[in-house]
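Below you'll find the structure, written out as structure tokens, and then a few comments.
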Amino acid sequence: MADDTFADLQKNFFAAFIQAVGYSIRQPALVVQPAPPIVGQDEDEADTLLWNYFNAIPPYTITANTTLTTGAQFLATYSAVMAALQSPPNNFESTIGEACFDGFNQALAAGTAQPTPIGYRNWAMLTKNCSSNAVAGASAYAAALLDPIFAGQNNVLPYKPVGKKSVDFAPGYKTMMKQLRNAPSRSANVSLSSSSAEYDKTWTGGSQSAVFGLWANSQSNTQISQKFASADVRLNVSFTNLLPFNATPGDWYTSSALGIAYSNKGNPPWVPTASKTWDNTFSDKGDLQRFTTSLLIANEMKLTYESVATFTSQEQSEIKSNSSAGLWPFYNSGGGSYSFTDVSFSTSGSMMVTTSTVKNTPTIVGAIIEPASQYLGFAAEVAKAQVARLRK
Amino acid sequence: MNSFDDIQTAFGSCQAQAIGPGASGMKIYQGAQTAPPGDDAFLWGLLDQIPPDGPILSGGGASFFALYSALIDSLIAGQSPLDPIKAAKKNLADWGKKPPAWEQGYTTLAKTLKVAPRLEFSFQPLPSPDPGYWGLCTSSSAAPGAVGLFAESGLTMKVDFGHLLLFAPQADDWYTQSAIAAAYQNPSSPPWNPASGITWESTFGSSGTLRTVVTGLVCVSSLNVTYDSQASYTPEMQGEIEGCARSGLWPYYLAQDSASNRATFDGSGKLKVSTTTKKDTIILVGAAVAPAAQFFANL
């Protein structure tokens with residue numbers, strides 16, 4: 001594909017970038033283009049915008065478009081997993097009865113009750129037909145909450161999409177800005193070659209987002225001459241401050257519950273008839289295979305690139321007269337040919353591009369990622385005990 | 001020799017590459033859209049549009065909200081209080097008959113755009129050799145007219161976007177992502193209703209109604225375009241091109257209420273075009289799209 005040359009350049013840019021900011025070339029991570037700024041009408045909105053990025057499940061790519069927040073979302077997917085798990089029998093529903101149980105769940109979703117034993121007691125005392133079991137119910141509830149799966153299901157009920165509360169992480173925007181102001185500067189001056197296979201060492205082996213496949217411009221001829229294939233692109237990027245900003249999920253998230261779901265594929269803990277399954281969650285076809293643990297946030301970024309390849313005037317005329325012989329990097333299937341040049345001939349797409357961001361506005365340039373095996377791997381032992389309890 | 005299609009395709013590719021690899025699935029608005037100040041519904045309407053197969057977004061696509069609502073309505077909910085289909089039906093019912101909204105609108109777009117990265121790029125396609133074929137008649141041109149001449153001649157172009165932002169807000173509470181993910185991930189079983197005409201194939205299949213969606217709008221704070229065409233245009237062609245200055249010129253086709261276009265010719269008939277958008281005018285040059293597998297199930 002004619003686009004491959006740029007794609008390969010971008011892959012090598014990622015490889016250079018992730019090392020320039022201090023990580024190993026193998027670090028699961030991605031760069032984002034164009035880098036979205038974080039601004040809000042007020043601090044609450046800025047928190048929301050920032051947390052939406054942590055709520056995005058990162059795709060399997062080393063370069064992502066700015067729409068990190070579309071597609072699978074952590075909270076919604078996690079909530080669906082909780083719906084598909086079974087907790088061991090407990091006395092909560094039998095102690096308070098079906099009507100109070102349903103009523104309390106609705107109140108949790110509506111945000112009019114708190115998902116805690118005291119929260120139940122307070123709600124029940126003011127609810128007809130449930131006030132008589134307020135204390136006993138709170139006690140049974142506390143016992144039930146000792147089970148990680150029950151706790152996981154309970155804690156996410158007040159949150160969207162079932163409840164009204166929005167996703168949150170800690171810390172938020174204010175803390176991030178403090179950290180950003182003190183973060184070190186970084187810069188990189190690299191010569192990128194589309195022919196280098198440096199990107200093979202990256203965590204995806206150079207795999208980039210599947211969104212490329214939709215481009216309507218179908219290029220069928222991929223022949224590139226030796227000289228063109230070895231042409232370099234000179235790139236300079238600098239940041240006044242670059243911060244790896246780490247945030248963890250709020251109270252909606254019960255790590256032991258998700259860890260148990262991850263560590264055990266069977267039924268229990270999974271409910272066999274649920275539409276959310278271990279396979280469509282954690283397998284290589286799943287939607288919760290990895291998590292964003294840090295955002296790479298930049299203050300004042302400048303990036304320029306241009307190709308360096310030049311050709312003698314003799315080469316240029318030779319190229320002109322042999323344009324159909326595969327010397328161009330870009331072909332269309334109609335037999336015409338075109339190239340992007342700036343000052344002189346270049347095959348790596350001698351397009352001169354300059355991108356710069358505004359001072360004191362944080363922008364997200366990338367994300368550090370943890371695969372589920374790392375994020376949830378701690379729970380193996382807890383999971384075994386849990387499954388044993390469920391099988392009794 | 002290059003046809004106009006070749007030039008347009010090359011330009012589209014160059015533009016997408018400058019914006020970033022994520023924009024390679026980008027479809028263009030022909031002509032570029034002007035965002036009416038303060039008009040959230042205009043932006044949300046564009047986000048709600050199901051994209052066509054070709055590279056150009058025209059108005060009048062199906063509504064994502066309408067298709068999503070019909071889908072959720074047809075699915076069967078599970079028992080758990082946390083069941084996503086149950087939640088999706090409730091969230092749609094709570095939303096009611098209002099048109100769909102997204103969590104951010106014009107105000108946030110304008111504010112974020114002001115501080116988004118600046119982007120400029122240049123485009124200079126090389127003319128390909130002309131084999132010299134005649135057109136329909138003996139000795140006639142194979143690419144007659146101003147358009148043909150433009151396409152086959154040297155072109156040097158600079159585009160300055162001012163600030164560029166891929167505006168991709170999340171859908172508001174009417175939308176339950178985990179419900180449509182559940183539908184996508186379970187093709188032949190619940191939550192699909194076997195009695196319904198709405199099936200996995202009719203929704204997500206190769207001709208499915210929701211096989212691709214718009215994920216964001218490519219917005220620029222200003223457009224400053226200049227290009228020089230090396231062809232020598234006849235006086236008739238010059239008149240034709242000058243006449244376009246009011247309605248809009250390649251590549252963004254902005255009319256004079258949004259931008260000032262100037263087409264001038266030197267002594268040998270060579271063309272120089274410059275387009276500058278009016279102050280505080282946000283232009284949408286295209287939209288990013290994603291296939292169902294990526295958007296609904298993160299595959």
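Going through the structure tokens in order, the chains are called A, B, and so on, while each chain numbers its residues from 1 and the ligands are numbered from 1 in the order shown.
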Residues within 7 Å of Ala245 of chain B, only C-alpha atoms, excluding chain neighbours under 6 positions, as a ChimeraX atom specification: /B:261-263
Which of segment 171-262 of chain B counts as strand (DSSP E) under DSSP, as a PyMOL selection string please? chain B and resi 212-220+224-229+259-262
Would you save the residues from that selection as a short mmCIF file (atom, residue, chain, number, x, y, z; two decimals), in the first residue's frame, using all heavy atoms?
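Final output, again.cif:
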data_model
loop_
_atom_site.label_atom_id
_atom_site.label_comp_id
_atom_site.auth_asym_id
_atom_site.auth_seq_id
_atom_site.Cartn_x
_atom_site.Cartn_y
_atom_site.Cartn_z
N THR B 212 -20.33 1.02 9.98
CA THR B 212 -19.35 2.06 10.30
C THR B 212 -20.09 3.23 10.96
O THR B 212 -21.27 3.45 10.70
CB THR B 212 -18.63 2.64 9.06
OG1 THR B 212 -19.60 3.15 8.16
CG2 THR B 212 -17.78 1.60 8.37
N VAL B 213 -19.35 3.96 11.80
CA VAL B 213 -19.93 5.13 12.46
C VAL B 213 -18.92 6.27 12.45
O VAL B 213 -17.72 6.05 12.30
CB VAL B 213 -20.31 4.84 13.94
CG1 VAL B 213 -21.51 3.89 14.00
CG2 VAL B 213 -19.15 4.26 14.70
N VAL B 214 -19.43 7.49 12.61
CA VAL B 214 -18.57 8.66 12.75
C VAL B 214 -18.07 8.70 14.19
O VAL B 214 -18.86 8.55 15.12
CB VAL B 214 -19.35 9.95 12.42
CG1 VAL B 214 -18.56 11.19 12.83
CG2 VAL B 214 -19.68 10.01 10.94
N THR B 215 -16.76 8.87 14.37
CA THR B 215 -16.23 8.91 15.73
C THR B 215 -15.78 10.31 16.14
O THR B 215 -15.64 10.60 17.31
CB THR B 215 -15.03 7.96 15.89
OG1 THR B 215 -14.04 8.31 14.93
CG2 THR B 215 -15.45 6.51 15.67
N GLY B 216 -15.55 11.19 15.16
CA GLY B 216 -15.12 12.54 15.53
C GLY B 216 -15.15 13.45 14.32
O GLY B 216 -15.17 12.99 13.18
N LEU B 217 -15.16 14.75 14.58
CA LEU B 217 -15.18 15.75 13.50
C LEU B 217 -13.83 16.44 13.44
O LEU B 217 -13.31 16.87 14.48
CB LEU B 217 -16.28 16.78 13.78
CG LEU B 217 -17.69 16.22 14.02
CD1 LEU B 217 -18.66 17.33 14.38
CD2 LEU B 217 -18.18 15.47 12.78
N VAL B 218 -13.26 16.55 12.23
CA VAL B 218 -11.96 17.22 12.07
C VAL B 218 -12.22 18.71 11.93
O VAL B 218 -12.73 19.18 10.91
CB VAL B 218 -11.22 16.68 10.83
CG1 VAL B 218 -9.85 17.35 10.72
CG2 VAL B 218 -11.07 15.16 10.91
N CYS B 219 -11.88 19.46 12.98
CA CYS B 219 -12.21 20.89 13.04
C CYS B 219 -10.94 21.74 13.02
O CYS B 219 -9.95 21.38 13.65
CB CYS B 219 -12.95 21.20 14.34
SG CYS B 219 -14.40 20.16 14.61
N VAL B 220 -11.00 22.86 12.29
CA VAL B 220 -9.85 23.78 12.25
C VAL B 220 -10.32 25.18 12.61
O VAL B 220 -11.46 25.56 12.32
CB VAL B 220 -9.15 23.77 10.86
CG1 VAL B 220 -8.67 22.37 10.53
CG2 VAL B 220 -10.06 24.31 9.78
N ASN B 224 -6.02 28.80 5.84
CA ASN B 224 -5.31 29.71 4.97
C ASN B 224 -4.63 28.86 3.90
O ASN B 224 -3.71 28.11 4.21
CB ASN B 224 -4.26 30.47 5.79
CG ASN B 224 -3.98 31.82 5.20
OD1 ASN B 224 -3.86 31.95 3.99
ND2 ASN B 224 -3.88 32.81 6.05
N VAL B 225 -5.16 28.90 2.69
CA VAL B 225 -4.66 28.03 1.62
C VAL B 225 -4.12 28.89 0.50
O VAL B 225 -4.78 29.84 0.08
CB VAL B 225 -5.81 27.16 1.07
CG1 VAL B 225 -5.29 26.23 -0.03
CG2 VAL B 225 -6.47 26.37 2.18
N THR B 226 -2.91 28.57 0.03
CA THR B 226 -2.43 29.25 -1.18
C THR B 226 -1.88 28.19 -2.11
O THR B 226 -1.24 27.23 -1.67
CB THR B 226 -1.31 30.27 -0.88
OG1 THR B 226 -0.26 29.60 -0.18
CG2 THR B 226 -1.81 31.43 -0.06
N TYR B 227 -2.16 28.33 -3.39
CA TYR B 227 -1.52 27.44 -4.35
C TYR B 227 -1.29 28.13 -5.68
O TYR B 227 -2.00 29.08 -6.04
CB TYR B 227 -2.28 26.12 -4.54
CG TYR B 227 -3.73 26.17 -4.93
CD1 TYR B 227 -4.13 26.26 -6.27
CD2 TYR B 227 -4.72 26.05 -3.95
CE1 TYR B 227 -5.47 26.25 -6.62
CE2 TYR B 227 -6.06 26.04 -4.30
CZ TYR B 227 -6.44 26.13 -5.63
OH TYR B 227 -7.77 26.12 -5.98
N ASP B 228 -0.26 27.63 -6.35
CA ASP B 228 0.12 28.12 -7.66
C ASP B 228 0.02 26.98 -8.66
O ASP B 228 0.60 25.91 -8.42
CB ASP B 228 1.58 28.63 -7.67
CG ASP B 228 1.73 29.88 -6.83
OD1 ASP B 228 1.35 30.96 -7.30
OD2 ASP B 228 2.21 29.76 -5.68
N SER B 229 -0.71 27.21 -9.72
CA SER B 229 -0.81 26.20 -10.79
C SER B 229 0.01 26.68 -11.98
O SER B 229 -0.15 27.80 -12.43
CB SER B 229 -2.28 26.02 -11.18
OG SER B 229 -2.37 25.22 -12.34
N ALA B 259 -15.45 32.59 3.77
CA ALA B 259 -14.04 32.83 3.44
C ALA B 259 -13.92 33.79 2.27
O ALA B 259 -14.86 33.95 1.51
CB ALA B 259 -13.37 31.50 3.08
N SER B 260 -12.74 34.42 2.17
CA SER B 260 -12.51 35.19 0.96
C SER B 260 -11.58 34.39 0.06
O SER B 260 -10.54 33.88 0.49
CB SER B 260 -11.92 36.56 1.31
OG SER B 260 -10.68 36.39 1.95
N ASN B 261 -12.01 34.20 -1.17
CA ASN B 261 -11.23 33.47 -2.18
C ASN B 261 -10.72 34.45 -3.22
O ASN B 261 -11.47 35.31 -3.67
CB ASN B 261 -12.13 32.45 -2.91
CG ASN B 261 -12.71 31.42 -1.98
OD1 ASN B 261 -11.99 30.73 -1.28
ND2 ASN B 261 -14.03 31.31 -1.96
N ARG B 262 -9.43 34.31 -3.58
CA ARG B 262 -8.91 35.17 -4.65
C ARG B 262 -8.22 34.29 -5.68
O ARG B 262 -7.36 33.50 -5.34
CB ARG B 262 -7.93 36.19 -4.09
CG ARG B 262 -8.63 37.31 -3.31
CD ARG B 262 -7.64 38.41 -2.93
NE ARG B 262 -7.05 39.04 -4.11
CZ ARG B 262 -5.76 39.33 -4.23
NH1 ARG B 262 -4.92 39.06 -3.26
NH2 ARG B 262 -5.30 39.91 -5.32
#
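Once Trp278 of chain A and its same-chain neighbours fewer than 6 positions away are set aside, Val81, Ala84, Ala261, Tyr262, Ser263, Asn264, Lys265, Gly266, Trp270, Gly286 and Leu288 of chain A remain within 10 Å of it when counting only C-alpha atoms.
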So the first atom is atom CA of Gln15 of chain B and the second is atom CA of Phe123 of chain B; what is the distance between them in Å, to one decimal place? 8.5 Å
Residues of chain B within 6 Å of chain A, only C-alpha atoms counted, as a compact mmCIF listing (two decimals) with all heavy atoms, in the first residue's frame:
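Listing of result30.txt after writing:
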# COMPACT_ATOMS: atom_id res chain seq x y z
N MET B 1 -0.77 10.94 -17.50
CA MET B 1 -0.85 12.25 -16.86
C MET B 1 -1.91 12.20 -15.75
O MET B 1 -2.81 11.36 -15.77
CB MET B 1 -1.23 13.32 -17.88
CG MET B 1 -2.63 13.10 -18.40
SD MET B 1 -2.97 14.09 -19.81
CE MET B 1 -4.60 13.57 -20.20
N ASN B 2 -1.76 13.07 -14.80
CA ASN B 2 -2.70 13.07 -13.68
C ASN B 2 -4.08 13.54 -14.10
O ASN B 2 -4.24 14.52 -14.81
CB ASN B 2 -2.19 14.03 -12.59
CG ASN B 2 -1.00 13.47 -11.86
OD1 ASN B 2 -0.84 12.27 -11.73
ND2 ASN B 2 -0.14 14.36 -11.38
N GLY B 20 -2.48 13.01 10.88
CA GLY B 20 -2.02 11.92 11.73
C GLY B 20 -2.58 10.61 11.22
O GLY B 20 -3.62 10.58 10.59
N GLY B 22 -4.24 8.34 12.51
CA GLY B 22 -5.62 8.05 12.91
C GLY B 22 -6.63 8.65 11.98
O GLY B 22 -7.79 8.24 11.94
N SER B 24 -6.47 8.44 8.75
CA SER B 24 -6.40 7.84 7.43
C SER B 24 -7.74 7.27 7.01
O SER B 24 -7.96 7.04 5.85
CB SER B 24 -5.33 6.74 7.38
OG SER B 24 -5.80 5.62 8.10
N GLY B 25 -8.64 7.04 7.96
CA GLY B 25 -9.98 6.60 7.58
C GLY B 25 -10.90 7.78 7.39
O GLY B 25 -12.11 7.62 7.24
N PRO B 55 -15.51 8.24 -0.28
CA PRO B 55 -14.69 9.16 0.50
C PRO B 55 -15.38 10.47 0.89
O PRO B 55 -14.84 11.23 1.69
CB PRO B 55 -13.52 9.46 -0.45
CG PRO B 55 -14.08 9.24 -1.82
CD PRO B 55 -15.13 8.20 -1.70
N SER B 80 -30.12 -9.83 35.54
CA SER B 80 -29.31 -9.16 36.56
C SER B 80 -29.65 -7.67 36.65
O SER B 80 -29.91 -7.03 35.64
CB SER B 80 -27.83 -9.33 36.20
OG SER B 80 -27.03 -8.40 36.88
N LEU B 82 -27.67 -5.45 36.92
CA LEU B 82 -26.63 -4.75 36.17
C LEU B 82 -26.70 -5.05 34.67
O LEU B 82 -25.82 -4.63 33.93
CB LEU B 82 -25.25 -5.15 36.70
CG LEU B 82 -24.88 -4.68 38.10
CD1 LEU B 82 -23.59 -5.36 38.59
CD2 LEU B 82 -24.72 -3.17 38.15
N ASP B 83 -27.72 -5.77 34.21
CA ASP B 83 -27.76 -6.18 32.81
C ASP B 83 -27.67 -4.97 31.86
O ASP B 83 -28.45 -4.03 31.99
CB ASP B 83 -29.04 -6.97 32.52
CG ASP B 83 -29.09 -7.43 31.08
OD1 ASP B 83 -28.31 -8.35 30.73
OD2 ASP B 83 -29.85 -6.85 30.28
N ALA B 87 -30.32 -1.84 31.16
CA ALA B 87 -29.90 -0.45 31.41
C ALA B 87 -30.09 0.39 30.15
O ALA B 87 -30.54 1.54 30.22
CB ALA B 87 -28.44 -0.43 31.85
N VAL B 115 -6.71 26.12 21.86
CA VAL B 115 -5.44 25.68 22.46
C VAL B 115 -4.96 24.35 21.89
O VAL B 115 -4.00 23.77 22.39
CB VAL B 115 -5.56 25.59 24.00
CG1 VAL B 115 -5.74 26.96 24.59
CG2 VAL B 115 -6.70 24.67 24.41
N ALA B 116 -5.61 23.90 20.83
CA ALA B 116 -5.18 22.64 20.20
C ALA B 116 -3.90 22.89 19.40
O ALA B 116 -3.55 24.04 19.10
CB ALA B 116 -6.30 22.13 19.30
N PRO B 117 -3.22 21.81 19.01
CA PRO B 117 -1.98 22.01 18.25
C PRO B 117 -2.21 22.75 16.94
O PRO B 117 -3.26 22.62 16.31
CB PRO B 117 -1.52 20.57 17.96
CG PRO B 117 -2.15 19.74 19.00
CD PRO B 117 -3.45 20.40 19.34
N ARG B 118 -1.23 23.54 16.55
CA ARG B 118 -1.26 24.21 15.26
C ARG B 118 -0.71 23.24 14.21
O ARG B 118 0.19 22.46 14.49
CB ARG B 118 -0.37 25.46 15.30
CG ARG B 118 -0.75 26.46 16.38
CD ARG B 118 -0.02 27.77 16.16
NE ARG B 118 -0.32 28.29 14.85
CZ ARG B 118 -1.30 29.14 14.59
NH1 ARG B 118 -2.08 29.58 15.55
NH2 ARG B 118 -1.51 29.56 13.35
N LEU B 119 -1.26 23.32 13.01
CA LEU B 119 -0.79 22.40 11.97
C LEU B 119 -0.76 23.09 10.63
O LEU B 119 -1.72 23.77 10.25
CB LEU B 119 -1.73 21.18 11.90
CG LEU B 119 -1.32 20.08 10.92
CD1 LEU B 119 0.00 19.46 11.32
CD2 LEU B 119 -2.39 19.00 10.85
N GLU B 120 0.37 22.91 9.92
CA GLU B 120 0.42 23.36 8.54
C GLU B 120 1.18 22.33 7.72
O GLU B 120 2.02 21.61 8.25
CB GLU B 120 1.09 24.74 8.44
CG GLU B 120 2.48 24.78 9.04
CD GLU B 120 3.07 26.18 9.02
OE1 GLU B 120 2.47 27.09 9.63
OE2 GLU B 120 4.12 26.35 8.40
N PHE B 121 0.87 22.24 6.46
CA PHE B 121 1.57 21.28 5.60
C PHE B 121 1.61 21.81 4.18
O PHE B 121 0.87 22.73 3.83
CB PHE B 121 0.93 19.90 5.66
CG PHE B 121 -0.47 19.82 5.11
CD1 PHE B 121 -0.71 19.42 3.80
CD2 PHE B 121 -1.56 20.15 5.91
CE1 PHE B 121 -2.01 19.35 3.29
CE2 PHE B 121 -2.86 20.09 5.41
CZ PHE B 121 -3.08 19.68 4.10
N GLN B 124 2.80 19.16 -3.00
CA GLN B 124 3.31 19.47 -4.33
C GLN B 124 3.35 18.19 -5.16
O GLN B 124 4.37 17.51 -5.20
CB GLN B 124 4.71 20.08 -4.24
CG GLN B 124 5.22 20.56 -5.58
CD GLN B 124 6.55 21.28 -5.45
OE1 GLN B 124 6.84 21.92 -4.43
NE2 GLN B 124 7.38 21.16 -6.46
N PRO B 125 2.25 17.84 -5.77
CA PRO B 125 2.26 16.61 -6.57
C PRO B 125 3.12 16.82 -7.81
O PRO B 125 3.15 17.91 -8.36
CB PRO B 125 0.79 16.42 -6.95
CG PRO B 125 0.22 17.78 -6.93
CD PRO B 125 0.99 18.56 -5.88
N LEU B 126 3.84 15.79 -8.21
CA LEU B 126 4.63 15.90 -9.43
C LEU B 126 3.76 15.55 -10.61
O LEU B 126 3.08 14.53 -10.58
CB LEU B 126 5.82 14.96 -9.37
CG LEU B 126 6.97 15.53 -8.56
CD1 LEU B 126 7.94 14.44 -8.19
CD2 LEU B 126 7.67 16.62 -9.35
N SER B 128 2.81 13.85 -13.84
CA SER B 128 3.33 12.65 -14.49
C SER B 128 3.46 12.93 -15.98
O SER B 128 2.78 13.82 -16.49
CB SER B 128 2.40 11.48 -14.23
OG SER B 128 1.14 11.78 -14.77
N ALA B 168 -14.24 14.78 19.42
CA ALA B 168 -14.83 13.44 19.59
C ALA B 168 -15.46 13.32 20.97
O ALA B 168 -14.97 12.57 21.81
CB ALA B 168 -13.76 12.37 19.39
N SER B 178 -22.07 -0.66 26.52
CA SER B 178 -21.95 -2.09 26.83
C SER B 178 -23.11 -2.89 26.26
O SER B 178 -22.96 -4.10 26.02
CB SER B 178 -21.83 -2.31 28.33
OG SER B 178 -22.77 -1.52 29.02
N PHE B 295 -15.32 0.15 17.00
CA PHE B 295 -16.02 1.12 17.83
C PHE B 295 -16.84 0.44 18.92
O PHE B 295 -16.88 0.90 20.05
CB PHE B 295 -16.91 2.00 16.97
CG PHE B 295 -17.51 3.15 17.71
CD1 PHE B 295 -16.72 4.20 18.11
CD2 PHE B 295 -18.86 3.17 18.03
CE1 PHE B 295 -17.26 5.27 18.82
CE2 PHE B 295 -19.41 4.24 18.73
CZ PHE B 295 -18.61 5.30 19.12
N PHE B 296 -17.49 -0.66 18.61
CA PHE B 296 -18.38 -1.27 19.58
C PHE B 296 -17.71 -2.32 20.44
O PHE B 296 -18.15 -2.60 21.54
CB PHE B 296 -19.60 -1.88 18.88
CG PHE B 296 -20.39 -0.87 18.11
CD1 PHE B 296 -20.71 -1.06 16.79
CD2 PHE B 296 -20.81 0.30 18.72
CE1 PHE B 296 -21.43 -0.12 16.07
CE2 PHE B 296 -21.53 1.26 18.01
CZ PHE B 296 -21.84 1.04 16.68
N ALA B 297 -16.65 -2.92 19.92
CA ALA B 297 -16.04 -4.00 20.68
C ALA B 297 -14.54 -3.85 20.81
O ALA B 297 -13.87 -4.78 21.22
CB ALA B 297 -16.38 -5.35 20.04
N ASN B 298 -14.02 -2.70 20.43
CA ASN B 298 -12.60 -2.41 20.62
C ASN B 298 -11.69 -3.45 20.00
O ASN B 298 -10.65 -3.77 20.54
CB ASN B 298 -12.30 -2.29 22.12
CG ASN B 298 -11.07 -1.43 22.37
OD1 ASN B 298 -10.87 -0.42 21.71
ND2 ASN B 298 -10.24 -1.84 23.29
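The space between atom CA of Pro144 of chain B and atom CA of Pro235 of chain B spans 14.5 Å.
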Tell me which protein, DNA and RNA residues are within 9 Å of Ala32 of chain B, counting only C-alpha atoms, leaving out same-chain ones fewer than 6 positions away, and put them as a PyMOL selection string. chain B and resi 251-254+283-286
DSSP on the backbone, helix (DSSP H, G or I) only: what residues of segment 113-273 of chain B does that give? Format it as a VMD selection string. chain B and resid 113 to 114 145 to 152 177 to 185 200 to 204 235 to 247
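Considering the residues A:Gly377, A:Gly172, A:Pro268, A:Gly103 and counting only C-alpha atoms, Pro81 of chain B has its shortest atom-to-atom contact with A:Gly103.
Minimum atom-to-atom distances from B:Thr209, B:Ser188, B:Ala287, B:Leu149 to Gln230 of chain B were compared using only C-alpha atoms, and the lowest value belongs to B:Leu149.
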Neighbour list for Met237 of chain B as a ChimeraX atom specification, cut-off 10 Å, only C-alpha atoms, skip fewer than 4 positions in-chain: /B:145-147,149,232-233,241-243,269
Quick one: write out the picked residues with N, CA and C atoms as a PDB file, in the first residue's frame?
ATOM      1  N   GLY B 145     -10.399  21.535 -21.016  1.00  0.00           N
ATOM      2  CA  GLY B 145     -11.034  22.361 -19.990  1.00  0.00           C
ATOM      3  C   GLY B 145     -10.074  22.716 -18.877  1.00  0.00           C
ATOM      4  N   ALA B 146     -10.543  23.656 -18.037  1.00  0.00           N
ATOM      5  CA  ALA B 146      -9.709  24.164 -16.948  1.00  0.00           C
ATOM      6  C   ALA B 146      -9.342  23.057 -15.968  1.00  0.00           C
ATOM      7  N   VAL B 147     -10.306  22.172 -15.680  1.00  0.00           N
ATOM      8  CA  VAL B 147     -10.070  21.115 -14.690  1.00  0.00           C
ATOM      9  C   VAL B 147      -8.973  20.169 -15.149  1.00  0.00           C
ATOM     10  N   LEU B 149      -6.632  20.767 -17.336  1.00  0.00           N
ATOM     11  CA  LEU B 149      -5.355  21.488 -17.382  1.00  0.00           C
ATOM     12  C   LEU B 149      -4.758  21.599 -15.973  1.00  0.00           C
ATOM     13  N   SER B 232      -0.932  27.430 -18.165  1.00  0.00           N
ATOM     14  CA  SER B 232      -1.330  28.716 -18.746  1.00  0.00           C
ATOM     15  C   SER B 232      -2.787  28.625 -19.148  1.00  0.00           C
ATOM     16  N   TYR B 233      -3.658  29.285 -18.416  1.00  0.00           N
ATOM     17  CA  TYR B 233      -5.095  29.190 -18.646  1.00  0.00           C
ATOM     18  C   TYR B 233      -5.522  30.222 -19.687  1.00  0.00           C
ATOM     19  N   ILE B 241     -12.769  30.431 -13.796  1.00  0.00           N
ATOM     20  CA  ILE B 241     -12.188  30.233 -12.468  1.00  0.00           C
ATOM     21  C   ILE B 241     -12.461  31.428 -11.569  1.00  0.00           C
ATOM     22  N   GLU B 242     -12.312  32.638 -12.117  1.00  0.00           N
ATOM     23  CA  GLU B 242     -12.594  33.831 -11.307  1.00  0.00           C
ATOM     24  C   GLU B 242     -14.036  33.813 -10.816  1.00  0.00           C
ATOM     25  N   GLY B 243     -14.930  33.274 -11.668  1.00  0.00           N
ATOM     26  CA  GLY B 243     -16.341  33.186 -11.281  1.00  0.00           C
ATOM     27  C   GLY B 243     -16.565  32.286 -10.077  1.00  0.00           C
ATOM     28  N   GLY B 269      -0.733  33.720 -17.828  1.00  0.00           N
ATOM     29  CA  GLY B 269      -1.958  32.965 -17.544  1.00  0.00           C
ATOM     30  C   GLY B 269      -1.845  31.960 -16.422  1.00  0.00           C
TER      31      GLY B 269
END
Give me the residues near Pro148 of chain A as number ranges by chain, where near means some atom within 10 Å (using only C-alpha atoms) and where sequence neighbours in that chain fewer than 3 positions away do not count. A: 87-88, 144-145, 151-154, 254-260, 382-383, 386
Got time to write the residues from that selection, C-alpha atoms, as a compact mmCIF listing (two decimals), in the first residue's frame?
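The result, stored in again.txt:
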# COMPACT_ATOMS: atom_id res chain seq x y z
CA SER A 87 -21.56 -14.51 44.19
CA PRO A 88 -22.00 -17.19 46.88
CA ALA A 144 -22.57 -10.25 52.15
CA LEU A 145 -20.15 -7.44 51.30
CA ALA A 151 -18.96 -6.19 46.74
CA GLY A 152 -17.94 -5.61 43.12
CA GLN A 153 -21.55 -5.83 41.93
CA ASN A 154 -22.74 -3.64 44.77
CA THR A 254 -13.36 -3.48 43.06
CA SER A 255 -10.05 -4.91 41.92
CA SER A 256 -10.53 -8.28 43.64
CA ALA A 257 -13.81 -8.86 41.79
CA LEU A 258 -12.29 -8.22 38.38
CA GLY A 259 -9.18 -10.15 39.33
CA ILE A 260 -11.31 -13.18 40.19
CA VAL A 382 -7.88 -14.93 45.83
CA ALA A 383 -9.65 -16.37 42.79
CA GLN A 386 -13.42 -17.65 45.78
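Put simply, atom CA of Gln27 of chain A is 7.0 Å away from atom CA of Thr202 of chain A.
Distances here use only C-alpha atoms; by that measure, the residue among B:Ala41, B:Leu210, B:Leu249, B:Ile180 closest to Trp192 of chain B is B:Ile180.
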Selection: 7 Å around segment 44-48 of chain B, only C-alpha atoms, excl. self and same-chain fewer than 6 positions, as a VMD selection string: chain B and resid 63 to 65 101 to 102 214 216
Selected residues written out, C-alpha atoms, as a PDB file, in the first residue's frame:
ATOM      1  CA  SER B  63     -29.341   8.556  11.885  1.00  0.00           C
ATOM      2  CA  PHE B  64     -27.203   6.565  14.303  1.00  0.00           C
ATOM      3  CA  PHE B  65     -29.599   7.416  17.134  1.00  0.00           C
ATOM      4  CA  ALA B 101     -27.029  14.956  22.203  1.00  0.00           C
ATOM      5  CA  TRP B 102     -23.360  14.500  22.900  1.00  0.00           C
ATOM      6  CA  VAL B 214     -18.568   8.664  12.750  1.00  0.00           C
ATOM      7  CA  GLY B 216     -15.125  12.540  15.527  1.00  0.00           C
TER       8      GLY B 216
END
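In terms of minimum interatomic distance to Ser196 of chain B, B:Asp73 ranks closest within B:Gly148, B:Val273, B:Thr9, B:Asp73, counting only C-alpha atoms.
Closest approach to Tyr68 of chain B from the set B:Thr176, B:Thr107, B:Gln17, B:Thr281 is made by B:Thr176, with distances taken over only C-alpha atoms.
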